[in-house]
Amino acid sequence: MSIASDKLEIIRQQVQYHLDHAEQSRLTPDQEAALKQQITDRLESENAVLIAHYYTAPEIQALAEETGGCVSDSLEMARFGHDHSAETLVVAGVKFMGETAKILNPEKRVLMPTLEATCSLDLGCPVEEFSAFCDAHPDREVVVYANTSAAVKARADWVVTSSIALDVAEHLAEEGKKIIWAPDRHLGDYVRRQSGADILIWDGACIVHEEFKARGIADLKRVYPDAAVLVHPESPASVLELADRVGSTTQIIRAACEMDNRRFIVATDQGIFYKLQQQAPDKEFIIAPTAGEGATCRSCANCPWMAMNELETLAGVFDRSDNEIFVDPELGARATVPLQRMLDFAARLNVTVKGNA
Ligand code: 13P
Ligand code: SF4
C-alpha cells in the first residue's frame with residue numbers, strides 16, 4: 001500500500017516553505033516574563049489548565065509546570081485533562097492531541113494556540129482512503145497510532161501510542177489476529193519485527209524522525225564511544241539498529257535517568273531536551289544528526305508544527321474564535337471506543353504511559 005510517498009513530498013515542501021518564511025520570534029527577557037504573567041493570570045481567571053507536550057519550546061513546558069499544568073507524552077496529556085478539575089484545557093502540542101483531549105473530555109472546552117499545528121502522520125492518512133484500505137482487508141484488526149484524526153480513530157479497533165504499541169501487537173498476535181497498522185511505516189515495521197505479528201502497514205512517516213541518519217549517528221558514536229543511543233521508533237530501521245534503547249518520549253526520558261551512561265545521543269525532537277536536562281542534570285545530551293546528504297528537510301529534529309506553539313499565540317488563546325477544538329459527538333463516541341480499549345489495556349498491563357517523567 002503506497003499512497004503516502006507523493007503526499008509526503010508535498011508535505012516536505014510545505015514544511016520547507018514554512019521554515020523559509022517563519023519569522024524568528026526574539027523576545028527580550030522582560031517581554032517573555034510579561035507574556036508568561038499574562039498567560040498565568042488568564043489561566044486562573046478562565047479556570048483553565050495548560051497541558052504541553054515534551055516537544056514544545058522550553059518556555060512553554062516551564063510555564064505548564066509553574067502553573068500546575070502538565071508536560072508529558074500525548075496519552076498522558078489526555079489523561080491529565082480528564083482528571084483535572086479545570087473547565088478549559090489549553091493544549092500546547094499538535095492538533096491530534098487537542099482532538100484526543102476533546103474525545104476523552106467532551107464536556108470540557110479545549111483550546112489550542114493554533115489549529116494549524118498538525119502532523120505529517122495525520123496528514124498522510126486521510127480517512128476516506130484509510131477506510132477503503134480497511135474495507136479491503138476485513139479480516140484484520142485495525143490498529144492506529146494516536147497521531148491520527150478523530151475520524152481515523154473512529155474507524156479503528158485500537159488506538160495506540162508508542163509507549164504501548166508493541167504490547168498491543170504482541171497481545172493481538174497471541175490471539176492469532178492479523179493487523180492493519182497505520183499510519184507510521186517505521187513504527188509499524190519495528191513492531192512487526194519485534195512482535196512477529198502479521199501486520200499490513202500503511203505508508204506514512206514522521207518528517208522529523210525520518211530525517212535521522214544512521215551514518216551521522218555512527219560517526220558521532222566514534223567521537224563519543226561511551227554515549228548510549230536513544231531512539232524514538234518513528235525513526236528508520238537503520239537508525240533503530242544503532243539504538244541502545246528504542247522508546248517513546250516518556251521511555252527515552254526514563255532510560256536516560258536509569259542508564260549508567262553519562263552521555264547520550266538522542267534521536268527524537270529536541271524539545272525533549274528540556275525534560276532530559278531537568279531529570280538528569282548531570283548527564284550530557286547530544287542531538288542525533290539529521291539532514292544528511294540529499295536530505296530535503298532542514299528540520300534539525302525540530303517539529304515545525306510543534307514550533308507553532310509560541311508564548312505570543314498562547315497569550316491570545318482565550319481571545320480568538322478560530323482555535324477551539326470541536327469533535328462531532330457521534331464521531332467522538334466512536335473514537336472513544338478504541339481509545340478506551342488502549343487505556344483499559346494499559347491499566348491491566350500496568351504499563352506506564354505516564355508523562356512528567
Ligand atoms: P508521544 O506519544 O511519545 O508523546 O509522541 C508523539 C509524537 O508526536 C512523536 O513524534
Ligand atoms: Fe507528527 Fe513527527 Fe511532529 Fe510528532 S514530531 S507531531 S510525529 S510530525
# chains A, B, ... in the order shown; residues from 1 in each chain; ligands from 1

$ residues_near_ligand --ligand "ligand 2" --cutoff "9 Å" --atoms "only C-alpha atoms and all ligand atoms" --output "PyMOL selection string"
chain A and resi 55+93-97+117-122+147+184+205-210+234+268-269+301-306

$ write_last_selection --atoms "N, CA and C atoms" --output "PDB file, in the first residue's frame"
ATOM      1  N   TYR A  55       7.673  18.125  23.238  1.00  0.00           N
ATOM      2  CA  TYR A  55       8.349  18.714  22.078  1.00  0.00           C
ATOM      3  C   TYR A  55       8.133  20.222  21.966  1.00  0.00           C
ATOM      4  N   GLY A  93       0.524  21.648  21.682  1.00  0.00           N
ATOM      5  CA  GLY A  93       1.028  20.449  21.011  1.00  0.00           C
ATOM      6  C   GLY A  93       0.567  20.519  19.575  1.00  0.00           C
ATOM      7  N   VAL A  94       0.154  19.391  19.017  1.00  0.00           N
ATOM      8  CA  VAL A  94      -0.386  19.409  17.650  1.00  0.00           C
ATOM      9  C   VAL A  94      -1.839  18.936  17.686  1.00  0.00           C
ATOM     10  N   LYS A  95      -2.530  19.151  16.564  1.00  0.00           N
ATOM     11  CA  LYS A  95      -3.985  19.076  16.580  1.00  0.00           C
ATOM     12  C   LYS A  95      -4.538  17.734  17.068  1.00  0.00           C
ATOM     13  N   PHE A  96      -3.887  16.626  16.694  1.00  0.00           N
ATOM     14  CA  PHE A  96      -4.456  15.347  17.126  1.00  0.00           C
ATOM     15  C   PHE A  96      -4.464  15.243  18.651  1.00  0.00           C
ATOM     16  N   MET A  97      -3.554  15.934  19.308  1.00  0.00           N
ATOM     17  CA  MET A  97      -3.516  15.901  20.777  1.00  0.00           C
ATOM     18  C   MET A  97      -4.712  16.642  21.357  1.00  0.00           C
ATOM     19  N   ALA A 117      -1.343  23.676  13.682  1.00  0.00           N
ATOM     20  CA  ALA A 117      -0.260  22.779  14.101  1.00  0.00           C
ATOM     21  C   ALA A 117      -0.715  21.341  13.891  1.00  0.00           C
ATOM     22  N   THR A 118      -0.279  20.741  12.806  1.00  0.00           N
ATOM     23  CA  THR A 118      -0.726  19.387  12.502  1.00  0.00           C
ATOM     24  C   THR A 118       0.452  18.425  12.587  1.00  0.00           C
ATOM     25  N   CYS A 119       0.410  17.327  11.853  1.00  0.00           N
ATOM     26  CA  CYS A 119       1.420  16.277  11.973  1.00  0.00           C
ATOM     27  C   CYS A 119       1.452  15.548  10.642  1.00  0.00           C
ATOM     28  N   SER A 120       2.624  15.210  10.143  1.00  0.00           N
ATOM     29  CA  SER A 120       2.696  14.567   8.821  1.00  0.00           C
ATOM     30  C   SER A 120       2.035  13.187   8.834  1.00  0.00           C
ATOM     31  N   LEU A 121       2.000  12.546   9.999  1.00  0.00           N
ATOM     32  CA  LEU A 121       1.336  11.232  10.075  1.00  0.00           C
ATOM     33  C   LEU A 121      -0.168  11.385   9.910  1.00  0.00           C
ATOM     34  N   ASP A 122      -0.719  12.390  10.577  1.00  0.00           N
ATOM     35  CA  ASP A 122      -2.147  12.684  10.467  1.00  0.00           C
ATOM     36  C   ASP A 122      -2.476  13.086   9.020  1.00  0.00           C
ATOM     37  N   ASN A 147      -1.401   9.533  16.551  1.00  0.00           N
ATOM     38  CA  ASN A 147      -1.148  10.672  15.645  1.00  0.00           C
ATOM     39  C   ASN A 147      -2.039  10.599  14.413  1.00  0.00           C
ATOM     40  N   ASP A 184       2.230   5.098  10.733  1.00  0.00           N
ATOM     41  CA  ASP A 184       3.692   5.229  10.643  1.00  0.00           C
ATOM     42  C   ASP A 184       4.358   3.922  10.196  1.00  0.00           C
ATOM     43  N   ALA A 205       4.750   8.553   7.362  1.00  0.00           N
ATOM     44  CA  ALA A 205       6.007   8.752   8.098  1.00  0.00           C
ATOM     45  C   ALA A 205       5.997  10.102   8.798  1.00  0.00           C
ATOM     46  N   CYS A 206       6.807  10.181   9.831  1.00  0.00           N
ATOM     47  CA  CYS A 206       7.030  11.452  10.529  1.00  0.00           C
ATOM     48  C   CYS A 206       8.194  12.151   9.833  1.00  0.00           C
ATOM     49  N   ILE A 207       7.962  13.371   9.367  1.00  0.00           N
ATOM     50  CA  ILE A 207       9.020  14.055   8.616  1.00  0.00           C
ATOM     51  C   ILE A 207      10.210  14.440   9.505  1.00  0.00           C
ATOM     52  N   VAL A 208      10.004  14.433  10.799  1.00  0.00           N
ATOM     53  CA  VAL A 208      11.108  14.793  11.704  1.00  0.00           C
ATOM     54  C   VAL A 208      11.980  13.557  11.960  1.00  0.00           C
ATOM     55  N   HIS A 209      11.362  12.492  12.432  1.00  0.00           N
ATOM     56  CA  HIS A 209      12.143  11.297  12.777  1.00  0.00           C
ATOM     57  C   HIS A 209      12.736  10.611  11.554  1.00  0.00           C
ATOM     58  N   GLU A 210      12.062  10.753  10.418  1.00  0.00           N
ATOM     59  CA  GLU A 210      12.568  10.103   9.215  1.00  0.00           C
ATOM     60  C   GLU A 210      13.908  10.695   8.767  1.00  0.00           C
ATOM     61  N   GLU A 234       9.719   6.028  15.598  1.00  0.00           N
ATOM     62  CA  GLU A 234       9.298   6.604  14.315  1.00  0.00           C
ATOM     63  C   GLU A 234      10.492   6.791  13.376  1.00  0.00           C
ATOM     64  N   THR A 268      15.269  12.052  18.674  1.00  0.00           N
ATOM     65  CA  THR A 268      13.864  12.468  18.689  1.00  0.00           C
ATOM     66  C   THR A 268      13.855  13.995  18.682  1.00  0.00           C
ATOM     67  N   ASP A 269      12.661  14.594  18.675  1.00  0.00           N
ATOM     68  CA  ASP A 269      12.577  16.058  18.618  1.00  0.00           C
ATOM     69  C   ASP A 269      13.346  16.681  19.787  1.00  0.00           C
ATOM     70  N   ALA A 301      15.677  18.108  13.673  1.00  0.00           N
ATOM     71  CA  ALA A 301      14.993  17.470  14.801  1.00  0.00           C
ATOM     72  C   ALA A 301      14.118  18.439  15.568  1.00  0.00           C
ATOM     73  N   ASN A 302      13.394  19.229  14.843  1.00  0.00           N
ATOM     74  CA  ASN A 302      12.511  20.198  15.491  1.00  0.00           C
ATOM     75  C   ASN A 302      11.210  20.244  14.698  1.00  0.00           C
ATOM     76  N   CYS A 303      10.177  19.634  15.252  1.00  0.00           N
ATOM     77  CA  CYS A 303       8.909  19.527  14.521  1.00  0.00           C
ATOM     78  C   CYS A 303       8.359  20.935  14.229  1.00  0.00           C
ATOM     79  N   PRO A 304       8.167  21.270  12.942  1.00  0.00           N
ATOM     80  CA  PRO A 304       7.731  22.635  12.616  1.00  0.00           C
ATOM     81  C   PRO A 304       6.345  22.949  13.140  1.00  0.00           C
ATOM     82  N   TRP A 305       5.538  21.904  13.339  1.00  0.00           N
ATOM     83  CA  TRP A 305       4.178  22.152  13.843  1.00  0.00           C
ATOM     84  C   TRP A 305       4.189  22.343  15.357  1.00  0.00           C
ATOM     85  N   MET A 306       5.018  21.588  16.039  1.00  0.00           N
ATOM     86  CA  MET A 306       5.164  21.814  17.488  1.00  0.00           C
ATOM     87  C   MET A 306       5.691  23.231  17.738  1.00  0.00           C
TER      88      MET A 306
END

$ residues_near_ligand --ligand "ligand 1" --cutoff "6 Å" --atoms "only C-alpha atoms and all ligand atoms" --output "PDB file with N, CA and C atoms, in the first residue's frame"
ATOM      1  N   ASP A  73       3.767  13.026  27.476  1.00  0.00           N
ATOM      2  CA  ASP A  73       3.510  12.459  26.150  1.00  0.00           C
ATOM      3  C   ASP A  73       2.031  12.629  25.804  1.00  0.00           C
ATOM      4  N   SER A  74       1.683  12.216  24.586  1.00  0.00           N
ATOM      5  CA  SER A  74       0.341  12.533  24.091  1.00  0.00           C
ATOM      6  C   SER A  74      -0.765  11.857  24.895  1.00  0.00           C
ATOM      7  N   THR A 161      -0.351   4.457  21.486  1.00  0.00           N
ATOM      8  CA  THR A 161       0.755   5.416  21.452  1.00  0.00           C
ATOM      9  C   THR A 161       2.039   4.589  21.368  1.00  0.00           C
ATOM     10  N   SER A 162       3.161   5.255  21.160  1.00  0.00           N
ATOM     11  CA  SER A 162       4.401   4.486  21.007  1.00  0.00           C
ATOM     12  C   SER A 162       4.779   3.767  22.297  1.00  0.00           C
ATOM     13  N   SER A 248       9.308   5.416  23.380  1.00  0.00           N
ATOM     14  CA  SER A 248       8.502   6.632  23.257  1.00  0.00           C
ATOM     15  C   SER A 248       9.200   7.777  23.991  1.00  0.00           C
ATOM     16  N   THR A 249       8.617   8.947  23.916  1.00  0.00           N
ATOM     17  CA  THR A 249       9.217  10.103  24.591  1.00  0.00           C
ATOM     18  C   THR A 249       9.420   9.820  26.075  1.00  0.00           C
TER      19      THR A 249
END

$ atom_distance --atom1 "atom CA of Ser195 of chain A" --atom2 "atom CA of Trp181 of chain A"
13.0 Å

$ residues_around --residues "Thr148 of chain A" --least-positions-apart "2" --cutoff "9 Å" --atoms "only C-alpha atoms" --output "number ranges by chain"
A: 96, 119, 121-126, 144-146, 150-153, 182-183

$ residues_around --residues "segment 271-288 of chain A" --least-positions-apart "2" --cutoff "7 Å" --atoms "only C-alpha atoms" --output "JSON list (two decimals) with N, CA and C atoms, in the first residue's frame"
[["chain", "number", "residue", "atom", "x", "y", "z"],
["A", 54, "TYR", "N", 6.13, 17.26, 25.38],
["A", 54, "TYR", "CA", 7.59, 17.34, 25.56],
["A", 54, "TYR", "C", 8.30, 18.05, 24.42],
["A", 55, "TYR", "N", 7.67, 18.13, 23.24],
["A", 55, "TYR", "CA", 8.35, 18.71, 22.08],
["A", 55, "TYR", "C", 8.13, 20.22, 21.97],
["A", 56, "THR", "N", 7.33, 20.80, 22.84],
["A", 56, "THR", "CA", 7.12, 22.25, 22.74],
["A", 56, "THR", "C", 8.34, 22.99, 23.29],
["A", 57, "ALA", "N", 8.36, 24.30, 23.05],
["A", 57, "ALA", "CA", 9.53, 25.11, 23.44],
["A", 57, "ALA", "C", 9.73, 25.08, 24.96],
["A", 58, "PRO", "N", 10.98, 25.18, 25.41],
["A", 58, "PRO", "CA", 11.26, 25.09, 26.86],
["A", 58, "PRO", "C", 10.44, 26.06, 27.69],
["A", 212, "PHE", "N", 16.53, 11.37, 10.66],
["A", 212, "PHE", "CA", 17.75, 10.94, 11.37],
["A", 212, "PHE", "C", 18.55, 10.01, 10.47],
["A", 217, "ILE", "N", 24.91, 9.18, 12.93],
["A", 217, "ILE", "CA", 24.93, 8.68, 14.32],
["A", 217, "ILE", "C", 26.16, 7.79, 14.53],
["A", 253, "ILE", "N", 13.07, 9.39, 28.21],
["A", 253, "ILE", "CA", 13.43, 10.15, 29.42],
["A", 253, "ILE", "C", 13.77, 9.18, 30.56],
["A", 257, "CYS", "N", 17.47, 8.52, 32.63],
["A", 257, "CYS", "CA", 17.63, 8.59, 34.09],
["A", 257, "CYS", "C", 18.19, 7.28, 34.63],
["A", 262, "ARG", "N", 26.93, 8.45, 31.04],
["A", 262, "ARG", "CA", 26.91, 9.89, 31.37],
["A", 262, "ARG", "C", 26.53, 10.71, 30.15],
["A", 263, "ARG", "N", 26.58, 10.09, 28.98],
["A", 263, "ARG", "CA", 26.36, 10.83, 27.73],
["A", 263, "ARG", "C", 25.39, 10.07, 26.84],
["A", 264, "PHE", "N", 24.53, 10.82, 26.15],
["A", 264, "PHE", "CA", 23.52, 10.17, 25.30],
["A", 264, "PHE", "C", 23.41, 10.89, 23.95],
["A", 265, "ILE", "N", 23.25, 10.10, 22.91],
["A", 265, "ILE", "CA", 22.89, 10.63, 21.59],
["A", 265, "ILE", "C", 21.40, 10.35, 21.43],
["A", 266, "VAL", "N", 20.62, 11.42, 21.19],
["A", 266, "VAL", "CA", 19.16, 11.29, 21.26],
["A", 266, "VAL", "C", 18.53, 11.54, 19.90],
["A", 267, "ALA", "N", 17.81, 10.52, 19.39],
["A", 267, "ALA", "CA", 17.14, 10.66, 18.09],
["A", 267, "ALA", "C", 15.64, 10.84, 18.31],
["A", 269, "ASP", "N", 12.66, 14.59, 18.68],
["A", 269, "ASP", "CA", 12.58, 16.06, 18.62],
["A", 269, "ASP", "C", 13.35, 16.68, 19.79],
["A", 290, "THR", "N", 20.67, 15.04, 11.66],
["A", 290, "THR", "CA", 19.63, 14.91, 10.62],
["A", 290, "THR", "C", 20.22, 15.47, 9.33]]

$ select_by_dssp --residues "segment 18-222 of chain A" --states "strand (DSSP E or B)" --output "ChimeraX atom specification"
/A:48-53,70-72,88-92,109-111,140-145,158-160,178-182,184,199-201,204

$ atom_distance --atom1 "atom CA of Arg185 of chain A" --atom2 "atom CA of Gln251 of chain A"
20.1 Å

$ residues_around --residues "Ala197 of chain A" --least-positions-apart "3" --cutoff "8 Å" --atoms "only C-alpha atoms" --output "list in words"
Ala169, Glu170, Leu172, Ala173, Lys178, Ile179, Val191, Arg192 and Arg193 of chain A

$ select_by_dssp --residues "segment 88-311 of chain A" --states "alpha helix (DSSP H)" --output "ChimeraX atom specification"
/A:95-104,120-123,127-135,150-154,165-174,185-195,214-223,237-240,249-258,273-279,311

$ residues_around --residues "Ile51 of chain A" --least-positions-apart "4" --cutoff "9 Å" --atoms "only C-alpha atoms" --output "list in words"
Gln61, Ala64, Glu65, Gly69, Cys70, Val71, Ser72, Met77, Ala78, Phe80, Gly81, Leu89, Val90, Val91, Ala92 and Gly93 of chain A

$ closest_residue --among "A:Ala347, A:His232, A:Ala34, A:Asp219" --to "Gly247 of chain A" --atoms "only C-alpha atoms"
A:His232

$ residues_around --residues "Lys102 of chain A" --least-positions-apart "3" --cutoff "9 Å" --atoms "only C-alpha atoms" --output "list in words"
Ala78, Leu89, Met97, Gly98, Glu99, Asn105, Pro106, Glu107, Lys108, Arg109, Val110, Ile325, Phe326, Val327 and Gly332 of chain A

$ write_last_selection --atoms "C-alpha atoms" --output "CSV table (one decimal), in the first residue's frame"
chain,number,residue,atom,x,y,z
A,78,ALA,CA,-5.4,13.5,27.6
A,89,LEU,CA,-7.9,22.6,28.7
A,97,MET,CA,-3.5,15.9,20.8
A,98,GLY,CA,-6.2,18.5,21.2
A,99,GLU,CA,-8.7,16.2,19.5
A,105,ASN,CA,-13.3,15.0,27.8
A,106,PRO,CA,-16.3,16.1,25.6
A,107,GLU,CA,-17.8,18.2,28.3
A,108,LYS,CA,-14.7,20.4,28.5
A,109,ARG,CA,-13.6,23.4,26.3
A,110,VAL,CA,-10.3,22.5,24.5
A,325,ILE,CA,-11.3,22.0,19.1
A,326,PHE,CA,-14.7,20.6,18.2
A,327,VAL,CA,-15.3,16.9,17.5
A,332,GLY,CA,-16.2,11.3,19.2

$ atom_distance --atom1 "atom CA of Thr336 of chain A" --atom2 "atom CA of Ala154 of chain A"
7.5 Å

$ decode --residues "segment 169-194 of chain A" --atoms "N, CA and C atoms" --output "short mmCIF file (atom, residue, chain, number, x, y, z; two decimals), in the first residue's frame"
data_model
loop_
_atom_site.label_atom_id
_atom_site.label_comp_id
_atom_site.auth_asym_id
_atom_site.auth_seq_id
_atom_site.Cartn_x
_atom_site.Cartn_y
_atom_site.Cartn_z
N ALA A 169 0.44 -5.11 19.92
CA ALA A 169 0.69 -6.02 18.79
C ALA A 169 0.97 -7.44 19.29
N GLU A 170 1.75 -7.56 20.36
CA GLU A 170 2.04 -8.90 20.91
C GLU A 170 0.77 -9.57 21.41
N HIS A 171 -0.08 -8.77 22.05
CA HIS A 171 -1.35 -9.28 22.56
C HIS A 171 -2.21 -9.80 21.41
N LEU A 172 -2.31 -9.03 20.34
CA LEU A 172 -3.14 -9.43 19.20
C LEU A 172 -2.54 -10.66 18.51
N ALA A 173 -1.20 -10.69 18.43
CA ALA A 173 -0.54 -11.85 17.80
C ALA A 173 -0.82 -13.12 18.61
N GLU A 174 -0.77 -12.99 19.94
CA GLU A 174 -1.07 -14.16 20.79
C GLU A 174 -2.49 -14.66 20.56
N GLU A 175 -3.39 -13.73 20.26
CA GLU A 175 -4.78 -14.13 20.00
C GLU A 175 -4.98 -14.60 18.56
N GLY A 176 -3.88 -14.65 17.81
CA GLY A 176 -3.94 -15.14 16.43
C GLY A 176 -4.55 -14.14 15.46
N LYS A 177 -4.56 -12.86 15.85
CA LYS A 177 -5.19 -11.86 14.99
C LYS A 177 -4.19 -11.21 14.05
N LYS A 178 -4.65 -10.93 12.83
CA LYS A 178 -3.83 -10.21 11.85
C LYS A 178 -4.16 -8.72 11.98
N ILE A 179 -3.20 -7.89 11.61
CA ILE A 179 -3.32 -6.45 11.95
C ILE A 179 -3.15 -5.56 10.72
N ILE A 180 -3.94 -4.49 10.69
CA ILE A 180 -3.64 -3.33 9.82
C ILE A 180 -3.02 -2.29 10.73
N TRP A 181 -1.91 -1.73 10.28
CA TRP A 181 -1.18 -0.76 11.12
C TRP A 181 -1.09 0.58 10.39
N ALA A 182 -1.48 1.65 11.08
CA ALA A 182 -1.38 2.96 10.44
C ALA A 182 -1.10 4.03 11.49
N PRO A 183 -0.54 5.17 11.07
CA PRO A 183 -0.02 5.43 9.74
C PRO A 183 1.51 5.28 9.64
N ASP A 184 2.23 5.10 10.73
CA ASP A 184 3.69 5.23 10.64
C ASP A 184 4.36 3.92 10.20
N ARG A 185 5.01 3.97 9.04
CA ARG A 185 5.60 2.74 8.50
C ARG A 185 6.82 2.28 9.31
N HIS A 186 7.57 3.21 9.87
CA HIS A 186 8.76 2.80 10.63
C HIS A 186 8.36 2.15 11.96
N LEU A 187 7.42 2.78 12.65
CA LEU A 187 6.92 2.19 13.90
C LEU A 187 6.28 0.83 13.60
N GLY A 188 5.49 0.77 12.52
CA GLY A 188 4.84 -0.48 12.15
C GLY A 188 5.85 -1.57 11.85
N ASP A 189 6.90 -1.21 11.13
CA ASP A 189 7.94 -2.17 10.77
C ASP A 189 8.68 -2.65 12.03
N TYR A 190 8.96 -1.71 12.93
CA TYR A 190 9.62 -2.06 14.19
C TYR A 190 8.76 -3.04 15.00
N VAL A 191 7.47 -2.71 15.12
CA VAL A 191 6.56 -3.55 15.90
C VAL A 191 6.42 -4.93 15.24
N ARG A 192 6.37 -4.95 13.92
CA ARG A 192 6.26 -6.24 13.21
C ARG A 192 7.49 -7.11 13.48
N ARG A 193 8.68 -6.50 13.42
CA ARG A 193 9.90 -7.29 13.63
C ARG A 193 10.00 -7.78 15.08
N GLN A 194 9.60 -6.90 16.01
CA GLN A 194 9.72 -7.26 17.42
C GLN A 194 8.68 -8.28 17.86
#
